[in-house]
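Colleague: Before I ask anything, let me first share the structure, which is written out below as structure tokens.
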Amino acid sequence: MSEFDLELVRLSKTYPGGAVAVREFDLQVKQGEFVSFVGPSGCGKTTTLRMIAGLESVTSGHIKIRGEDVTTVPTEKRPTSTIFQNYAIFPHMTVSQNIEFGLKVRNLATNVIDRKVGEILEKLDLSEVASAKEESLSGGQKQRLALARSLVIEPEILLLDEPLGALDANLRKSIQEELKLLQRSLNITFVFVTHAQSEALSLSDRVVVMNAGAVEQISEPLELYTRPQTPFTARFIGSNLIFPGKLQSTAEGNASVHTSTGQFEGIPVFEAGTLSKGADASVVVPSEFVDVTVSSDRQETSSPIGLEGTLIDIDFVGRDAHLSIALKDETPLRLQSDATVMKSRNLVPGEAVDLRWQTNRATVVSGHT
Ligand SMILES: Nc1ncnc2c1ncn2[C@@H]1O[C@H](COP(=O)(O)OP(=O)(O)O)[C@@H](O)[C@H]1O
Ligand SMILES: [Mg+2]
């Protein structure tokens with residue numbers, strides 16, 4: 001028995017016609033883990049999910065489920081179940097009939113089917129609409145029906161392809177929470193595809209960031225947010241200040257980087273092996289770690305200034321403040337910060353501002369793009 005529920009080994013897909021959709025994807029998922037694939041449209045999320053489900057052939061590499069190689073096993077023989085964005089609910093069938101369907105094609109006895117359907121209706125709070133059809137269901141009920149139908153066959157791995165994409169923002173939030181609770185209580189492995197980073201970060205145990213068919217980074221949400229490993233991740237996840245430059249030196253996990261905005265010293269590096277002197281490197285600073293103060297309020301006792309600039313604009317959006325700043329060398333910066341803290345700073349557009357952060361909050365990553 002493998003310690004992993006799902007393993008992808010150099011999984012690759014080239015479509016007929018030559019489009020390379022997935023390149024050498026390596027991943028190991030533990031039983032009960034909630035893993036998300038996140039990345040821009042066209043980066044290969046759906047293709048990967050469909051290969052795991054057995055709905056798309058594999059060009060090279062392997063898929064293992066609980067240690068067994070299923071690369072060429074037909075979809076109906078895999079212990080997976082898939083939920084697509086449009087749910088694919090049968091409109092002419094009732095809620096119960098939709099749920100029964102997957103059990104009937106497996107030739108289970110009627111009394112077993114009835115029991116399983118009853119249990120899942122109860123679990124997903126659908127008993128009251130058991131004889132309703134799709135047209136009379138709310139968005140949340142349709143979502144739960146899609147889940148019920150997938151879960152009733154007791155898959156080992158549930159694959160979800162942007163399942164919340166069709167819902168409005170409020171419903172989405174509450175269904176996200178339900179989904180997470182359900183996953184915990186069932187202890188089923190979830191592989192969840194989304195282009196929305198906030199959804200991936202709030203739901204997952206680990207997030208896979210994909211770009212142009214390849215894996216950029218696999219990390220826990222907080223780590224992804226605070227310690228991006230590539231410029232792409234730094235741009236795609238969260239709100240980071242990114243300063244491209246050249247690596248000058250590294251020692252004991254810290255680096256000096258020369259950029260057009262200035263010299264950055266003693267910045268943590270987490271992939272020192274991949275960086276050599278003179279190589280392109282970027283300094284990344286998550287904007288929530290950046291404090292902005294009015295320069296004329298500067299005190300001798302303040303910690304060293306990171307950068308100086310001019311505030312161009314500040315907008316308050318709920319709990320966030322969005323700042324637009326021009327650095328001394330005119331580099332434009334956008335940063336997102338805590339609204340309450342920024343209100344207390346009395347920042348006025350046109351004024352000179354200081355930007356500060358703790359050196360160890362920044363990260364050096366290899367490359368510029
Ligand atoms: N059936 C197909 N035939 C040819 N190319 C495809 C097919 N499906 C997807 N692609 C291409 O493969 C790439 C990855 O697509 P997809 O896996 O759907 O990405 P995502 O789900 O991340 O948006 C894209 O360039 C897309 O155009
Ligand atoms: Mg897709």
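In the structure tokens, each chain is lettered A, B, ... as it comes, each chain's residues begin at 1, and ligands are numbered from 1 in order of appearance.
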Counting only C-alpha atoms and all ligand atoms, what are the residues of chain A within 10 Å of ligand 2, and for each of them which pair of atoms is the nearest and at what distance in Å, to one decimal? Sort the table by chain and rising number, as CSV.

Modeller:
```
residue,atom,partner,partner_atom_place_in_ligand_line,distance
A:Val38,CA,ligand 2,1 (Mg),9.9
A:Gly39,CA,ligand 2,1 (Mg),9.5
A:Pro40,CA,ligand 2,1 (Mg),9.0
A:Ser41,CA,ligand 2,1 (Mg),6.5
A:Gly42,CA,ligand 2,1 (Mg),6.8
A:Cys43,CA,ligand 2,1 (Mg),8.2
A:Gly44,CA,ligand 2,1 (Mg),7.0
A:Lys45,CA,ligand 2,1 (Mg),5.5
A:Thr46,CA,ligand 2,1 (Mg),4.1
A:Thr47,CA,ligand 2,1 (Mg),7.3
A:Thr48,CA,ligand 2,1 (Mg),9.3
A:Leu49,CA,ligand 2,1 (Mg),8.8
A:Arg50,CA,ligand 2,1 (Mg),9.7
A:Phe84,CA,ligand 2,1 (Mg),9.5
A:Gln85,CA,ligand 2,1 (Mg),9.1
A:Asp161,CA,ligand 2,1 (Mg),6.8
A:Glu162,CA,ligand 2,1 (Mg),7.3
A:Val193,CA,ligand 2,1 (Mg),7.5
A:Thr194,CA,ligand 2,1 (Mg),7.8
A:His195,CA,ligand 2,1 (Mg),8.2
```

Colleague: If you count only C-alpha atoms, which residues fall within 7 Å of stretch 239-244 of chain A, apart from same-chain ones fewer than 3 positions away, as a list in words?

Modeller: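 These residues fall inside the cut-off: Ala234, Arg235, Thr259, Ala281, Ser282, Val283, Val284, Val285, Pro286, Ser287, Leu335, Gln336 and His368 of chain A.
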
Colleague: What is the distance, in Å and to one decimal place, between atom CA of A:Lys133 and atom CA of A:Thr94?

Modeller: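 Computing it gives 4.5 Å between the two atoms.
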
Colleague: Quick check for you: according to DSSP on this backbone, which residues of stretch 85-269 of chain A are classed as strand (DSSP E)? Reply as a PyMOL selection string.

Modeller: chain A and resi 157-161+189-194+206-211+214-219+240-251+254-259+262-268

Colleague: Using only C-alpha atoms, which of the listed residues (A:Lys180, A:Lys116, A:His62, A:Arg149) sits closest to A:Gly102?

Modeller: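 Among the listed residues, the smallest separation from A:Gly102 belongs to A:Arg149.
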
Colleague: When distances are computed from only C-alpha atoms and all ligand atoms, which of A:Ser136, A:Ala212, A:Glu7, A:Ala109 shows the smallest separation from ligand 1?

Modeller: A:Ala212

Colleague: Write out as a VMD selection string all residues of stretch 140-354 of chain A that backbone DSSP assigns to helix (DSSP H, G or I).

Modeller: chain A and resid 140 to 151 169 to 186 197 to 203 221 to 226 231 to 236 272 to 274 287 to 289 295 to 297 339 to 344

Colleague: So which one's closest to A:Asp320, A:Leu171, A:Val9, A:Val341, A:Leu307? Using only C-alpha atoms, please.

Modeller: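 The shortest atom-to-atom distance to A:Asp320 comes from A:Val341.
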
Colleague: What lies within 10 Å of A:Arg227 using only C-alpha atoms, ignoring chain neighbours under 6 positions off, as a list of chain:residue names?

Modeller: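 Final neighbour list, sorted by chain and number: A:Ser219, A:Pro221, A:Thr233, A:Ala234, A:Pro268, A:Val269, A:Phe270, A:Val284, A:Val285, A:Pro286, A:Arg361, A:Ala362, A:Thr363, A:Val364, A:Val365.
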
Colleague: Which residues are close to stretch 70-76 of chain A, i.e. within 7 Å by only C-alpha atoms, leaving aside same-chain residues fewer than 3 positions away? Reply as a list in words.

Modeller: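 Those residues are Ala53, Gly54, Leu55, His62, Ile63, Lys64 and Ile65 of chain A.
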
Colleague: Any idea what's packed within 10 Å of A:Tyr15, counting only C-alpha atoms, ignoring anything in its chain fewer than 2 positions away? Could you give it as a PyMOL selection string?

Modeller: chain A and resi 13+17-22+47+56-59

Colleague: Taking into account only C-alpha atoms and all ligand atoms, which residue in the set A:Val215, A:Val290, A:Val317, A:Ile188 is nearest to ligand 1?

Modeller: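 Smallest separation from ligand 1 among the options: A:Val215.
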
Colleague: Quick one: residues within 7 Å of A:Glu33, only C-alpha atoms, excluding same-chain residues fewer than 5 positions away - as a list in words?

Modeller: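 Answer for this query is Thr189, Phe190 and Asp205 of chain A.
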
Colleague: Please write the residues from the selection above to a file, keeping C-alpha atoms, as a short mmCIF file (atom, residue, chain, number, x, y, z; two decimals), in the first residue's frame.

Modeller:
```
data_model
loop_
_atom_site.label_atom_id
_atom_site.label_comp_id
_atom_site.auth_asym_id
_atom_site.auth_seq_id
_atom_site.Cartn_x
_atom_site.Cartn_y
_atom_site.Cartn_z
CA THR A 189 -8.85 13.34 -1.12
CA PHE A 190 -9.88 16.40 -3.15
CA ASP A 205 -3.84 22.07 2.34
#
```

Colleague: Of the candidates A:Thr110, A:Thr310, A:Asn211, A:Gln28, which one gets nearest to ligand 1 if we count only C-alpha atoms and all ligand atoms?

Modeller: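 The shortest atom-to-atom distance to ligand 1 comes from A:Asn211.
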
Colleague: Restricting the calculation to only C-alpha atoms and all ligand atoms: of A:Ser150, A:Gly213, A:Ser138, A:Val35, which residue gets closest to ligand 1?

Modeller: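 Looking only at the distances to ligand 1, the closest residue turns out to be A:Gly213.
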
Colleague: Do you know which residues are at most 9 Å from A:Gly350 counting only C-alpha atoms, after dropping those on the same chain fewer than 3 positions away, and could you put them as a list in words?

Modeller: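 The neighbour list is Thr310, Leu311, Ile312 and Asp313 of chain A.
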
Colleague: Please dump the current selection as a compact mmCIF listing (two decimals), in the first residue's frame; keep N, CA and C atoms.

Modeller:
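Saved result, out33.txt, follows:
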```txt
# COMPACT_ATOMS: atom_id res chain seq x y z
N THR A 310 6.85 58.85 -3.77
CA THR A 310 5.75 59.83 -3.65
C THR A 310 4.44 59.08 -3.76
N LEU A 311 3.52 59.37 -2.85
CA LEU A 311 2.21 58.74 -2.93
C LEU A 311 1.43 59.35 -4.09
N ILE A 312 0.98 58.52 -5.01
CA ILE A 312 0.20 59.01 -6.15
C ILE A 312 -1.28 58.94 -5.82
N ASP A 313 -1.69 57.83 -5.21
CA ASP A 313 -3.11 57.65 -4.96
C ASP A 313 -3.31 56.62 -3.85
```

Colleague: Rounded to one decimal place, report the atom CA of A:Gly165-atom CA of A:Leu201 distance in Å.

Modeller: 15.7 Å
